[in-house]
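So this block is coords_23.txt, compact mmCIF, C-alpha atoms and all ligand atoms:
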```
# COMPACT_ATOMS: atom_id res chain seq x y z
CA MET A 1 -35.94 6.72 -11.13
CA ASP A 2 -33.91 6.66 -14.30
CA LEU A 3 -30.28 6.09 -13.46
CA LYS A 4 -28.58 5.33 -16.73
CA THR A 5 -26.97 2.12 -15.62
CA THR A 6 -27.85 -1.46 -16.38
CA SER A 7 -27.52 -4.51 -14.17
CA LYS A 8 -24.23 -5.09 -15.98
CA GLY A 9 -22.94 -1.72 -14.76
CA LEU A 10 -22.26 1.52 -16.59
CA HIS A 11 -23.58 2.07 -20.10
CA TRP A 12 -20.32 3.79 -21.01
CA GLU A 13 -16.65 2.88 -20.70
CA PRO A 14 -14.55 4.27 -17.84
CA ALA A 15 -11.70 6.56 -18.92
CA GLU A 16 -8.57 4.82 -20.14
CA ARG A 17 -6.47 6.42 -17.38
CA VAL A 18 -8.60 4.77 -14.73
CA LYS A 19 -8.61 1.43 -16.50
CA LYS A 20 -4.83 1.61 -16.60
CA LEU A 21 -4.55 1.76 -12.80
CA PRO A 22 -3.42 -1.57 -11.34
CA PRO A 23 -5.91 -3.40 -9.11
CA TYR A 24 -5.67 -2.33 -5.49
CA LEU A 25 -3.19 -4.94 -4.31
CA PHE A 26 -4.15 -4.79 -0.69
CA ALA A 27 -7.88 -5.24 -1.34
CA GLU A 28 -7.70 -9.03 -1.04
CA ILE A 29 -5.77 -8.84 2.24
CA ASP A 30 -8.36 -6.36 3.50
CA ARG A 31 -11.20 -8.67 2.56
CA GLN A 32 -9.60 -11.65 4.31
CA LYS A 33 -8.83 -9.56 7.37
CA ARG A 34 -12.48 -8.51 7.68
CA GLU A 35 -13.56 -12.13 7.21
CA LEU A 36 -11.31 -13.26 10.10
CA ILE A 37 -12.63 -10.49 12.35
CA LYS A 38 -16.18 -11.58 11.51
CA GLN A 39 -15.23 -15.08 12.67
CA GLY A 40 -14.25 -13.57 16.01
CA LYS A 41 -10.47 -13.80 15.46
CA LYS A 42 -8.28 -11.22 17.19
CA VAL A 43 -6.44 -9.79 14.21
CA ILE A 44 -3.29 -7.69 14.80
CA ASP A 45 -2.87 -5.16 12.01
CA LEU A 46 0.78 -4.28 11.38
CA GLY A 47 -0.09 -3.23 7.84
CA VAL A 48 -1.30 0.35 7.75
CA GLY A 49 1.05 3.33 8.01
CA ASP A 50 -1.32 5.49 10.00
CA PRO A 51 -0.33 6.66 13.51
CA ASP A 52 -2.48 5.15 16.29
CA ILE A 53 -1.54 7.94 18.72
CA PRO A 54 -4.07 10.81 18.92
CA THR A 55 -3.28 14.33 17.69
CA PRO A 56 -1.79 16.32 20.61
CA GLY A 57 -4.39 18.26 22.62
CA PHE A 58 -2.90 21.72 22.04
CA ILE A 59 -3.36 21.28 18.28
CA ILE A 60 -6.98 20.21 18.72
CA ASP A 61 -7.54 23.25 20.97
CA ALA A 62 -6.15 25.53 18.25
CA LEU A 63 -8.54 23.98 15.73
CA ALA A 64 -11.55 24.32 18.04
CA GLN A 65 -10.80 27.95 18.73
CA ALA A 66 -10.26 28.80 15.06
CA ALA A 67 -13.36 26.86 14.01
CA ARG A 68 -15.53 29.12 16.20
CA ASP A 69 -14.23 32.28 14.48
CA PRO A 70 -16.60 33.20 11.60
CA SER A 71 -13.76 34.86 9.69
CA ASN A 72 -12.46 31.33 9.07
CA HIS A 73 -15.72 30.10 7.55
CA ARG A 74 -15.15 31.59 4.10
CA TYR A 75 -13.14 30.26 1.16
CA ALA A 76 -9.47 30.26 2.07
CA LEU A 77 -6.86 31.87 -0.17
CA ASP A 78 -5.59 29.36 -2.76
CA ALA A 79 -2.02 30.16 -1.84
CA GLY A 80 -2.60 29.56 1.87
CA MET A 81 -2.73 31.97 4.79
CA PRO A 82 0.33 34.25 5.00
CA LEU A 83 0.45 33.45 8.74
CA PHE A 84 0.75 29.73 8.03
CA ARG A 85 3.31 30.21 5.25
CA GLU A 86 5.46 32.33 7.56
CA SER A 87 5.23 29.73 10.26
CA ILE A 88 6.37 27.08 7.74
CA ALA A 89 9.31 29.27 6.68
CA ASN A 90 10.32 29.76 10.31
CA TRP A 91 10.08 26.03 11.01
CA PHE A 92 12.19 25.31 7.93
CA GLN A 93 14.82 27.78 9.04
CA ARG A 94 14.96 26.37 12.58
CA ARG A 95 14.94 22.75 11.44
CA PHE A 96 17.21 22.80 8.36
CA SER A 97 18.89 26.22 8.49
CA VAL A 98 17.37 26.89 5.08
CA LYS A 99 15.78 30.22 4.22
CA LEU A 100 12.57 30.08 2.15
CA ASP A 101 10.55 33.03 0.87
CA PRO A 102 7.09 32.45 2.42
CA ALA A 103 5.41 34.32 -0.46
CA LYS A 104 7.01 32.47 -3.37
CA GLU A 105 8.72 29.31 -2.19
CA ILE A 106 6.04 27.74 0.01
CA LEU A 107 2.62 26.35 -0.90
CA PRO A 108 0.30 24.77 1.70
CA LEU A 109 -1.33 21.53 0.52
CA ILE A 110 -4.36 19.43 1.43
CA GLY A 111 -1.90 16.78 2.62
CA SER A 112 1.36 16.21 0.76
CA LYS A 113 -0.29 13.42 -1.28
CA GLU A 114 -2.48 16.07 -2.90
CA GLY A 115 0.54 18.04 -4.10
CA ILE A 116 2.43 14.93 -5.21
CA ALA A 117 -0.61 13.83 -7.21
CA HIS A 118 -1.04 17.22 -8.88
CA LEU A 119 2.61 18.07 -9.60
CA PRO A 120 2.90 16.04 -12.86
CA LEU A 121 -0.12 17.94 -14.27
CA ALA A 122 2.00 21.06 -13.92
CA VAL A 123 5.29 19.84 -15.37
CA VAL A 124 4.80 16.62 -17.41
CA ASN A 125 3.63 16.40 -21.02
CA PRO A 126 2.32 13.21 -22.64
CA GLY A 127 5.32 11.05 -23.56
CA ASP A 128 7.65 12.61 -20.99
CA VAL A 129 9.47 10.20 -18.73
CA VAL A 130 9.10 10.35 -14.95
CA LEU A 131 11.70 8.53 -12.86
CA VAL A 132 10.09 6.71 -9.96
CA PRO A 133 11.68 4.74 -7.10
CA ASP A 134 10.90 1.00 -6.96
CA PRO A 135 9.71 0.05 -4.37
CA GLY A 136 7.87 3.30 -3.75
CA TYR A 137 4.75 5.17 -2.71
CA PRO A 138 2.16 4.22 -5.38
CA VAL A 139 1.02 7.82 -6.01
CA TYR A 140 4.23 8.65 -7.96
CA LYS A 141 3.13 6.20 -10.65
CA SER A 142 -0.57 7.02 -10.81
CA SER A 143 0.02 10.78 -10.91
CA THR A 144 2.49 10.27 -13.78
CA TRP A 145 -0.07 8.23 -15.71
CA PHE A 146 -2.80 10.81 -15.11
CA ALA A 147 -0.57 13.39 -16.79
CA GLY A 148 0.14 11.04 -19.73
CA GLY A 149 3.75 10.50 -18.69
CA GLU A 150 5.79 7.31 -18.91
CA VAL A 151 6.95 5.74 -15.63
CA VAL A 152 10.56 4.50 -15.60
CA LEU A 153 11.42 2.67 -12.41
CA MET A 154 14.65 3.23 -10.48
CA PRO A 155 15.41 0.08 -8.44
CA LEU A 156 16.15 0.62 -4.75
CA LEU A 157 18.40 -2.26 -3.74
CA ASP A 158 19.79 -3.29 -0.35
CA GLN A 159 23.32 -3.43 -1.80
CA ASN A 160 23.01 0.30 -2.65
CA ASP A 161 21.51 1.19 0.74
CA PHE A 162 18.17 1.55 -1.07
CA LEU A 163 19.40 4.61 -2.97
CA PRO A 164 18.79 4.71 -6.75
CA ASP A 165 21.82 4.14 -8.99
CA LEU A 166 21.48 7.28 -11.13
CA ASP A 167 24.15 6.09 -13.59
CA ALA A 168 22.09 2.97 -14.34
CA ILE A 169 19.15 4.91 -15.80
CA PRO A 170 18.97 4.00 -19.51
CA GLN A 171 20.24 6.85 -21.75
CA ASP A 172 17.21 6.89 -24.06
CA LYS A 173 14.85 7.22 -21.07
CA LEU A 174 17.04 9.83 -19.47
CA ALA A 175 16.85 11.96 -22.61
CA LYS A 176 13.07 12.11 -22.21
CA ALA A 177 13.05 12.48 -18.43
CA LYS A 178 11.37 15.58 -17.02
CA LEU A 179 10.80 14.70 -13.39
CA MET A 180 12.36 12.43 -10.75
CA PHE A 181 10.62 11.42 -7.54
CA LEU A 182 12.80 10.76 -4.51
CA ASN A 183 11.61 9.88 -1.00
CA TYR A 184 13.91 9.96 2.03
CA PRO A 185 13.52 8.89 4.76
CA ASN A 186 12.00 6.19 2.59
CA ASN A 187 8.70 4.39 2.67
CA PRO A 188 8.77 1.38 2.53
CA THR A 189 12.50 0.60 2.96
CA SER A 190 13.09 3.01 5.92
CA ALA A 191 16.40 4.05 4.31
CA VAL A 192 17.81 7.53 4.96
CA ALA A 193 19.70 9.53 2.32
CA GLY A 194 22.65 11.66 3.39
CA LEU A 195 23.62 15.03 1.99
CA ASP A 196 26.24 13.36 -0.24
CA PHE A 197 23.46 11.55 -2.12
CA PHE A 198 21.34 14.68 -2.44
CA LYS A 199 24.37 16.54 -3.73
CA LYS A 200 24.82 13.91 -6.45
CA ALA A 201 21.12 13.99 -7.30
CA VAL A 202 21.06 17.79 -7.60
CA GLU A 203 24.10 17.74 -9.88
CA PHE A 204 22.50 14.98 -11.97
CA ALA A 205 19.22 16.90 -12.24
CA ARG A 206 21.02 20.04 -13.37
CA ARG A 207 23.09 18.15 -15.95
CA HIS A 208 20.05 16.37 -17.43
CA LYS A 209 17.53 19.20 -16.97
CA ILE A 210 15.28 17.20 -14.68
CA LEU A 211 13.11 18.50 -11.86
CA ILE A 212 13.48 16.63 -8.57
CA ALA A 213 10.37 16.16 -6.44
CA HIS A 214 11.58 15.07 -3.03
CA ASP A 215 8.89 13.55 -0.81
CA ALA A 216 10.02 14.28 2.76
CA ALA A 217 6.89 13.04 4.57
CA TYR A 218 9.15 11.26 7.11
CA SER A 219 11.76 14.01 7.51
CA GLU A 220 11.15 14.16 11.27
CA PHE A 221 11.60 10.42 11.79
CA ALA A 222 15.20 9.56 12.53
CA TYR A 223 16.15 7.53 15.56
CA ASP A 224 19.12 7.31 17.87
CA GLY A 225 19.69 11.07 17.84
CA GLN A 226 20.13 11.33 14.05
CA LYS A 227 18.49 13.98 11.82
CA ALA A 228 17.40 13.50 8.23
CA PRO A 229 18.39 16.35 5.89
CA SER A 230 16.29 18.44 3.51
CA ILE A 231 17.44 18.42 -0.12
CA PHE A 232 17.68 22.21 0.22
CA GLU A 233 20.67 21.85 2.51
CA VAL A 234 22.52 21.28 -0.78
CA GLU A 235 23.76 24.53 -2.31
CA GLY A 236 21.71 25.43 -5.38
CA ALA A 237 19.06 22.73 -4.87
CA GLN A 238 16.29 25.32 -5.01
CA GLU A 239 17.02 25.71 -8.74
CA VAL A 240 16.17 22.10 -9.53
CA ALA A 241 13.94 20.76 -6.77
CA VAL A 242 10.71 20.98 -4.85
CA GLU A 243 10.22 19.19 -1.56
CA PHE A 244 6.97 17.86 -0.09
CA HIS A 245 6.39 17.98 3.64
CA SER A 246 3.56 16.64 5.72
CA LEU A 247 2.19 17.24 9.19
CA SER A 248 0.41 13.87 9.02
CA LYS A 249 3.01 11.53 10.43
CA THR A 250 5.02 14.01 12.52
CA PHE A 251 2.06 15.24 14.58
CA ASN A 252 -0.40 12.33 14.21
CA MET A 253 -2.60 14.38 11.90
CA THR A 254 -3.22 12.01 8.96
CA GLY A 255 -6.95 12.73 8.88
CA TRP A 256 -6.56 16.50 9.02
CA ARG A 257 -5.10 16.81 5.50
CA VAL A 258 -2.37 19.38 5.78
CA GLY A 259 1.15 19.55 4.34
CA PHE A 260 3.14 21.84 2.09
CA ALA A 261 5.43 22.07 -0.93
CA ALA A 262 8.61 24.12 -0.76
CA GLY A 263 11.34 25.13 -3.19
CA ASN A 264 11.71 26.32 -6.75
CA PRO A 265 9.42 29.38 -7.06
CA GLU A 266 8.46 28.73 -10.72
CA VAL A 267 7.39 25.19 -9.91
CA ILE A 268 5.55 26.33 -6.78
CA ALA A 269 3.67 28.87 -8.94
CA LEU A 270 2.80 26.22 -11.56
CA LEU A 271 1.54 23.81 -8.90
CA GLY A 272 -0.47 26.66 -7.38
CA LYS A 273 -2.02 27.34 -10.79
CA ILE A 274 -3.11 23.70 -11.16
CA LYS A 275 -4.50 23.70 -7.63
CA SER A 276 -6.44 26.94 -8.05
CA ASN A 277 -8.33 25.20 -10.85
CA ILE A 278 -9.12 22.18 -8.69
CA ASP A 279 -9.47 23.10 -5.01
CA SER A 280 -10.10 26.32 -3.15
CA GLY A 281 -7.56 26.16 -0.37
CA ILE A 282 -7.42 24.50 3.05
CA PHE A 283 -10.00 25.30 5.76
CA GLN A 284 -8.34 28.17 7.58
CA ALA A 285 -8.95 26.61 11.00
CA ILE A 286 -6.83 23.65 9.88
CA GLN A 287 -4.09 25.98 8.66
CA LEU A 288 -4.08 27.75 12.03
CA ALA A 289 -3.92 24.39 13.82
CA GLY A 290 -1.07 23.42 11.50
CA LYS A 291 0.70 26.64 12.39
CA LYS A 292 0.31 25.78 16.08
CA ALA A 293 1.78 22.31 15.46
CA LEU A 294 4.86 23.71 13.69
CA ASP A 295 5.33 26.56 16.19
CA ASP A 296 4.86 24.59 19.42
CA GLY A 297 5.06 20.90 18.49
CA HIS A 298 8.66 20.16 19.36
CA ALA A 299 8.03 18.32 22.64
CA ALA A 300 5.07 16.35 21.26
CA TRP A 301 7.14 15.28 18.28
CA GLN A 302 10.01 14.13 20.53
CA ASP A 303 7.58 12.06 22.63
CA ASN A 304 6.28 10.43 19.47
CA LEU A 305 9.72 9.57 18.26
CA LEU A 306 10.62 7.90 21.57
CA THR A 307 7.41 5.89 21.43
CA TYR A 308 8.21 4.58 17.95
CA GLN A 309 11.83 3.91 18.88
CA LYS A 310 10.73 1.75 21.83
CA ARG A 311 8.30 -0.15 19.61
CA ARG A 312 11.02 -0.62 17.01
CA ASP A 313 13.45 -2.03 19.57
CA LEU A 314 10.79 -4.37 20.99
CA LEU A 315 9.88 -5.67 17.53
CA VAL A 316 13.37 -6.07 16.05
CA ASP A 317 14.94 -7.51 19.23
CA GLY A 318 11.99 -9.91 19.45
CA PHE A 319 12.42 -11.12 15.86
CA ASN A 320 16.17 -11.50 16.29
CA ARG A 321 15.76 -13.54 19.49
CA MET A 322 13.73 -15.97 17.38
CA GLY A 323 16.59 -16.39 14.92
CA TRP A 324 15.72 -13.76 12.30
CA THR A 325 18.46 -11.28 11.41
CA ILE A 326 16.78 -7.92 11.01
CA LYS A 327 18.56 -4.57 11.08
CA LYS A 328 16.94 -1.81 13.13
CA PRO A 329 15.41 0.81 10.86
CA LYS A 330 17.14 4.18 11.24
CA SER A 331 14.00 6.07 10.32
CA THR A 332 10.24 6.04 9.57
CA PHE A 333 7.83 3.79 11.45
CA TYR A 334 8.36 0.86 9.09
CA CYS A 335 10.46 -2.30 9.22
CA TRP A 336 11.33 -3.60 5.74
CA ILE A 337 12.06 -7.27 6.25
CA PRO A 338 13.33 -9.93 3.77
CA VAL A 339 10.91 -12.85 3.60
CA PRO A 340 12.38 -16.15 4.80
CA PRO A 341 13.48 -18.69 2.14
CA GLY A 342 10.64 -20.65 0.59
CA TYR A 343 8.12 -17.84 0.46
CA THR A 344 7.17 -15.14 -1.99
CA SER A 345 6.03 -11.85 -0.46
CA ALA A 346 2.38 -12.76 -1.10
CA GLU A 347 2.78 -16.26 0.38
CA LEU A 348 4.46 -14.92 3.52
CA VAL A 349 1.69 -12.37 3.98
CA MET A 350 -1.02 -15.03 3.61
CA HIS A 351 0.84 -17.31 6.03
CA PHE A 352 0.98 -14.54 8.64
CA LEU A 353 -2.68 -13.74 8.09
CA ASN A 354 -4.12 -17.25 8.14
CA ALA A 355 -1.81 -19.04 10.60
CA MET A 356 -1.26 -16.14 13.03
CA ASN A 357 -4.00 -13.59 12.23
CA ILE A 358 -1.35 -10.91 11.73
CA VAL A 359 -1.65 -8.39 8.89
CA VAL A 360 1.62 -7.30 7.26
CA THR A 361 2.11 -5.61 3.88
CA PRO A 362 3.59 -7.52 0.90
CA GLY A 363 6.64 -5.77 -0.55
CA ASN A 364 5.62 -6.38 -4.16
CA GLY A 365 2.67 -4.02 -3.60
CA PHE A 366 5.24 -1.19 -3.79
CA GLY A 367 6.80 -2.33 -7.09
CA PRO A 368 8.68 -5.30 -8.58
CA ASN A 369 11.79 -4.69 -6.46
CA GLY A 370 9.65 -5.00 -3.32
CA GLU A 371 9.29 -8.72 -4.07
CA GLY A 372 11.12 -10.74 -1.44
CA TYR A 373 10.22 -8.29 1.35
CA PHE A 374 7.35 -7.50 3.66
CA ARG A 375 6.66 -4.33 5.61
CA ILE A 376 5.69 -4.05 9.25
CA SER A 377 4.30 -0.78 10.54
CA LEU A 378 5.01 0.32 14.12
CA THR A 379 1.72 2.18 14.44
CA VAL A 380 0.29 -0.14 17.13
CA PRO A 381 0.82 -0.22 20.92
CA GLU A 382 3.63 -2.31 22.43
CA THR A 383 1.11 -4.83 23.75
CA HIS A 384 0.09 -5.66 20.17
CA ILE A 385 3.71 -6.01 19.09
CA ALA A 386 4.40 -8.33 22.04
CA GLU A 387 1.35 -10.46 21.20
CA ALA A 388 2.38 -10.60 17.53
CA LEU A 389 5.85 -11.80 18.54
CA LEU A 390 4.31 -14.56 20.71
CA ARG A 391 2.21 -15.76 17.79
CA ILE A 392 5.16 -15.71 15.38
CA GLY A 393 7.31 -17.60 17.90
CA ALA A 394 4.62 -20.26 18.35
CA SER A 395 4.05 -20.77 14.63
CA PRO A 396 6.09 -23.28 12.60
CA LYS A 397 8.08 -21.50 9.87
CA ARG A 398 6.38 -23.56 7.19
C1 LIG A 401 1.97 9.10 4.25
C2 LIG A 401 2.80 9.44 3.05
C3 LIG A 401 2.51 10.59 2.29
C4 LIG A 401 1.23 11.37 2.41
O1 LIG A 401 1.08 12.14 3.48
P1 LIG A 401 -0.11 13.17 3.58
O2 LIG A 401 0.54 14.46 3.90
O3 LIG A 401 -1.00 12.64 4.65
O4 LIG A 401 -0.84 13.24 2.26
C5 LIG A 401 3.39 10.94 1.28
N1 LIG A 401 4.44 10.18 0.99
C6 LIG A 401 4.72 9.07 1.67
C7 LIG A 401 5.91 8.28 1.29
C8 LIG A 401 3.89 8.65 2.71
O5 LIG A 401 4.15 7.50 3.33
```

Have the structure of the file written as structure tokens, please.
Ligand SMILES: *Cc1c(COP(=O)(O)O)cnc(C)c1O
Amino acid sequence: MDLKTTSKGLHWEPAERVKKLPPYLFAEIDRQKRELIKQGKKVIDLGVGDPDIPTPGFIIDALAQAARDPSNHRYALDAGMPLFRESIANWFQRRFSVKLDPAKEILPLIGSKEGIAHLPLAVVNPGDVVLVPDPGYPVYKSSTWFAGGEVVLMPLLDQNDFLPDLDAIPQDKLAKAKLMFLNYPNNPTSAVAGLDFFKKAVEFARRHKILIAHDAAYSEFAYDGQKAPSIFEVEGAQEVAVEFHSLSKTFNMTGWRVGFAAGNPEVIALLGKIKSNIDSGIFQAIQLAGKKALDDGHAAWQDNLLTYQKRRDLLVDGFNRMGWTIKKPKSTFYCWIPVPPGYTSAELVMHFLNAMNIVVTPGNGFGPNGEGYFRISLTVPETHIAEALLRIGASPKR
């Protein structure tokens, strides 16, 4: 055996773009969590944003049926099955009253993360600026770096309802800006953007010749009878924006890897060109199951939403009965909570882990403006939330 590595590791240097990636911030929490479990501790994990509820049965049935059909065993079309694209267009029309051309304005993705990660390769040159929300989903930064772009952070602050202040972006950076990531309903802050904000953003993008990439992975999560808008509800947005959608969270399909990009046809074509050089489409059986989810998933989605809303109420009411003052999130399955005085985000997270065996996510893992917050995910059963509240109530604050 002649593997060309030494005991010290590789005999060559990793690529600069990989070395530039920050260390995985949650790795240490993960390690400590596993250590506690090994010691026999009953750890409650409120950290991961991954639905605990199974994928609805009718979607699994659609997959099973399609998987048995040999015509689905070949390479899929790069651009996705016309049947699936039409189903997406119909869903979009029903949900947002927005008309999309299924041939040119829709591109199925291997999960929306895949499209978000590949988009900068299609539109960003080395030295271009990409505007990224802070705190935000880490992929916006890494995909920018992979394309040689410069990340410029847009702070999301409570006093601005966690919307970026577009007028505060430095002029010299703005002049070099090519792309702006937005994400509403927002992970991690759970903020929702209204049409008035999207209108402003579209106008801004047109004025400064910037493409908007709106990550709408949580578009179907809005509680108390509200609905989150698509950026395409703004007149003319299709000229300056693409929007990323995901079936992962809406239909409990995170492991299935299916989502789609919609919007500006030139950008959709460019992203498709990048993808056709990297992947060879989505397994057709998954596309057909995705079609089933969009066509017939309304009731399942409503059930889900009620489940999360009940968990949210249990958690927030529980915290507030113990003297915290937390606002109920209007959307997503996250609670974005200020850490109590005397703690940094990291210290609070370690306190929860070691004193109460509860995993929560430190806000600073999402960017510098996440410092001072921690994130709780509602992707666990009510019994776990109730037990977590008992432990928090029984633990001295410091
Ligand atoms: C979960 C998540 C995604 C990725 O979803 P997939 O479709 O599973 O890749 C994208 N953006 C945000 C903000 C998310 O939280």

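The space between CA of Gln39 in chain A and CA of Pro51 in chain A spans 26.4 Å.
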
Using only C-alpha atoms and all ligand atoms, I'd like a table of the residues in chain A that come within 7 Å of ligand LIG 401 (chain A); for each, show the closest atom pair and its distance in Å rounded to one decimal, ordered by chain and ascending number, as a Markdown table.
```
| residue | atom | partner | partner_atom | distance |
| --- | --- | --- | --- | --- |
| A:Gly49 | CA | A:LIG401 | C1 | 6.9 |
| A:Gly111 | CA | A:LIG401 | O2 | 3.6 |
| A:Ser112 | CA | A:LIG401 | O2 | 3.7 |
| A:Lys113 | CA | A:LIG401 | O4 | 3.6 |
| A:Glu114 | CA | A:LIG401 | O4 | 6.1 |
| A:Tyr137 | CA | A:LIG401 | C7 | 5.2 |
| A:Asn183 | CA | A:LIG401 | C7 | 6.3 |
| A:Asn186 | CA | A:LIG401 | C7 | 6.6 |
| A:Asn187 | CA | A:LIG401 | C7 | 5.0 |
| A:Asp215 | CA | A:LIG401 | N1 | 5.9 |
| A:Ala217 | CA | A:LIG401 | N1 | 5.2 |
| A:His245 | CA | A:LIG401 | O2 | 6.8 |
| A:Ser246 | CA | A:LIG401 | O2 | 4.1 |
| A:Leu247 | CA | A:LIG401 | O2 | 6.2 |
| A:Ser248 | CA | A:LIG401 | O3 | 4.8 |
| A:Lys249 | CA | A:LIG401 | C1 | 6.7 |
| A:Thr254 | CA | A:LIG401 | O3 | 4.9 |
| A:Arg257 | CA | A:LIG401 | O3 | 5.9 |
| A:Val258 | CA | A:LIG401 | O2 | 6.0 |
| A:Gly259 | CA | A:LIG401 | O2 | 5.1 |
```

Got a sec: who's within 12 Å of Asn304 in chain A, counting all atoms listed in the file, leaving out chain neighbours fewer than 5 positions off, as an mmCIF file with C-alpha atoms, in the frame of the given file?
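Wrote it out as around33.cif, contents follow:
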```cif
data_model
loop_
_atom_site.group_PDB
_atom_site.id
_atom_site.type_symbol
_atom_site.label_atom_id
_atom_site.label_comp_id
_atom_site.auth_asym_id
_atom_site.auth_seq_id
_atom_site.Cartn_x
_atom_site.Cartn_y
_atom_site.Cartn_z
ATOM 1 C CA PRO A 51 -0.330 6.660 13.510
ATOM 2 C CA ASP A 52 -2.480 5.150 16.290
ATOM 3 C CA ILE A 53 -1.540 7.940 18.720
ATOM 4 C CA PRO A 54 -4.070 10.810 18.920
ATOM 5 C CA THR A 55 -3.280 14.330 17.690
ATOM 6 C CA PRO A 56 -1.790 16.320 20.610
ATOM 7 C CA GLU A 220 11.150 14.160 11.270
ATOM 8 C CA PHE A 221 11.600 10.420 11.790
ATOM 9 C CA ALA A 222 15.200 9.560 12.530
ATOM 10 C CA TYR A 223 16.150 7.530 15.560
ATOM 11 C CA LYS A 249 3.010 11.530 10.430
ATOM 12 C CA THR A 250 5.020 14.010 12.520
ATOM 13 C CA PHE A 251 2.060 15.240 14.580
ATOM 14 C CA ASN A 252 -0.400 12.330 14.210
ATOM 15 C CA GLY A 297 5.060 20.900 18.490
ATOM 16 C CA HIS A 298 8.660 20.160 19.360
ATOM 17 C CA ALA A 299 8.030 18.320 22.640
ATOM 18 C CA GLN A 309 11.830 3.910 18.880
ATOM 19 C CA LYS A 310 10.730 1.750 21.830
ATOM 20 C CA ARG A 311 8.300 -0.150 19.610
ATOM 21 C CA THR A 332 10.240 6.040 9.570
ATOM 22 C CA PHE A 333 7.830 3.790 11.450
ATOM 23 C CA LEU A 378 5.010 0.320 14.120
ATOM 24 C CA THR A 379 1.720 2.180 14.440
#
```

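Reported to one decimal place, the separation of CA of Gln302 in chain A from CA of His384 in chain A is 22.1 Å.
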
- Task: For CA of Lys330 in chain A and CA of Pro155 in chain A, quote the distance in Å rounded to one decimal.
- Result: 20.2 Å

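Of the residues listed (A:Gly318, A:Gly272, A:Gly40, A:Gly80), A:Gly318 shows the shortest atom-to-atom separation from Ala386 in chain A; distances use all atoms listed in the file.
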
- Item | Residue contacts of Thr189 in chain A (12 Å, only C-alpha atoms) excluding same-chain residues fewer than 2 positions away, as a PyMOL selection string | chain A and resi 133-137+155-158+160-163+183-187+191-193+218+327-338+363+366-367+369-370+373-377

- Given the choices A:Asn277, A:Asn264, A:Asn125, A:Ser97, which gets closest to Pro229 in chain A if the distance is worked out from all atoms listed in the file? A:Ser97

As AutoDock Vina command-line options, please report the centre and edge lengths, rounded to one decimal in Å, of the axis-aligned box that holds all listed atoms of range 173-183 of chain A with 5 Å of padding on each of the six sides.
```
--center_x 13.8 --center_y 11.4 --center_z -11.8 --size_x 16.4 --size_y 18.4 --size_z 31.6
```

- Message: Which residue is closest to Asp78 in chain A? Choose from A:Ala117, A:Ala175, A:Leu271, A:Val242 and count all atoms listed in the file.
- Response: A:Leu271

- Within 9 Å of Lys176 in chain A, counting all atoms listed in the file, which residues show up once you throw out same-chain ones fewer than 5 positions away? Write them as an NGL selection string, please. :A and (127-130 or 171)

- Task: Give as a PyMOL selection string the set of residues within 8 Å of the point (8.7, 2.8, -21.6), where distances use the file's coordinates and all atoms listed in the file.
- Result: chain A and resi 129+150-152+173

Write out as a Markdown table a residue-level contact list of range 58-155 of chain A versus range 9-27 of chain A with cut-off 9 Å: for each qualifying residue the closest pair of atoms and the distance in Å to one decimal, counting only C-alpha atoms, rows sorted by chain and residue number upward.
```
| residue | atom | partner | partner_atom | distance |
| --- | --- | --- | --- | --- |
| A:Ser142 | CA | A:Leu21 | CA | 6.9 |
| A:Trp145 | CA | A:Arg17 | CA | 6.9 |
| A:Phe146 | CA | A:Arg17 | CA | 6.2 |
| A:Gly148 | CA | A:Arg17 | CA | 8.4 |
```

Please return, as a tab-separated table (two decimals) with C-alpha atoms, in the coordinates of the input, all polymer residues that have at least one atom within 8 Å of the point (3.6, 31.5, 4.3); use all atoms listed in the file and the file's own coordinate frame.
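Contents of the output file selection22.tsv:
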```tsv
chain	number	residue	atom	x	y	z
A	80	GLY	CA	-2.60	29.56	1.87
A	81	MET	CA	-2.73	31.97	4.79
A	82	PRO	CA	0.33	34.25	5.00
A	83	LEU	CA	0.45	33.45	8.74
A	84	PHE	CA	0.75	29.73	8.03
A	85	ARG	CA	3.31	30.21	5.25
A	86	GLU	CA	5.46	32.33	7.56
A	87	SER	CA	5.23	29.73	10.26
A	88	ILE	CA	6.37	27.08	7.74
A	89	ALA	CA	9.31	29.27	6.68
A	101	ASP	CA	10.55	33.03	0.87
A	102	PRO	CA	7.09	32.45	2.42
A	103	ALA	CA	5.41	34.32	-0.46
A	106	ILE	CA	6.04	27.74	0.01
A	107	LEU	CA	2.62	26.35	-0.90
A	108	PRO	CA	0.30	24.77	1.70
```

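Using all atoms listed in the file, the nearest neighbour of Trp256 in chain A within the list A:Leu389, A:Leu131, A:Gln287, A:Thr344 is A:Gln287.
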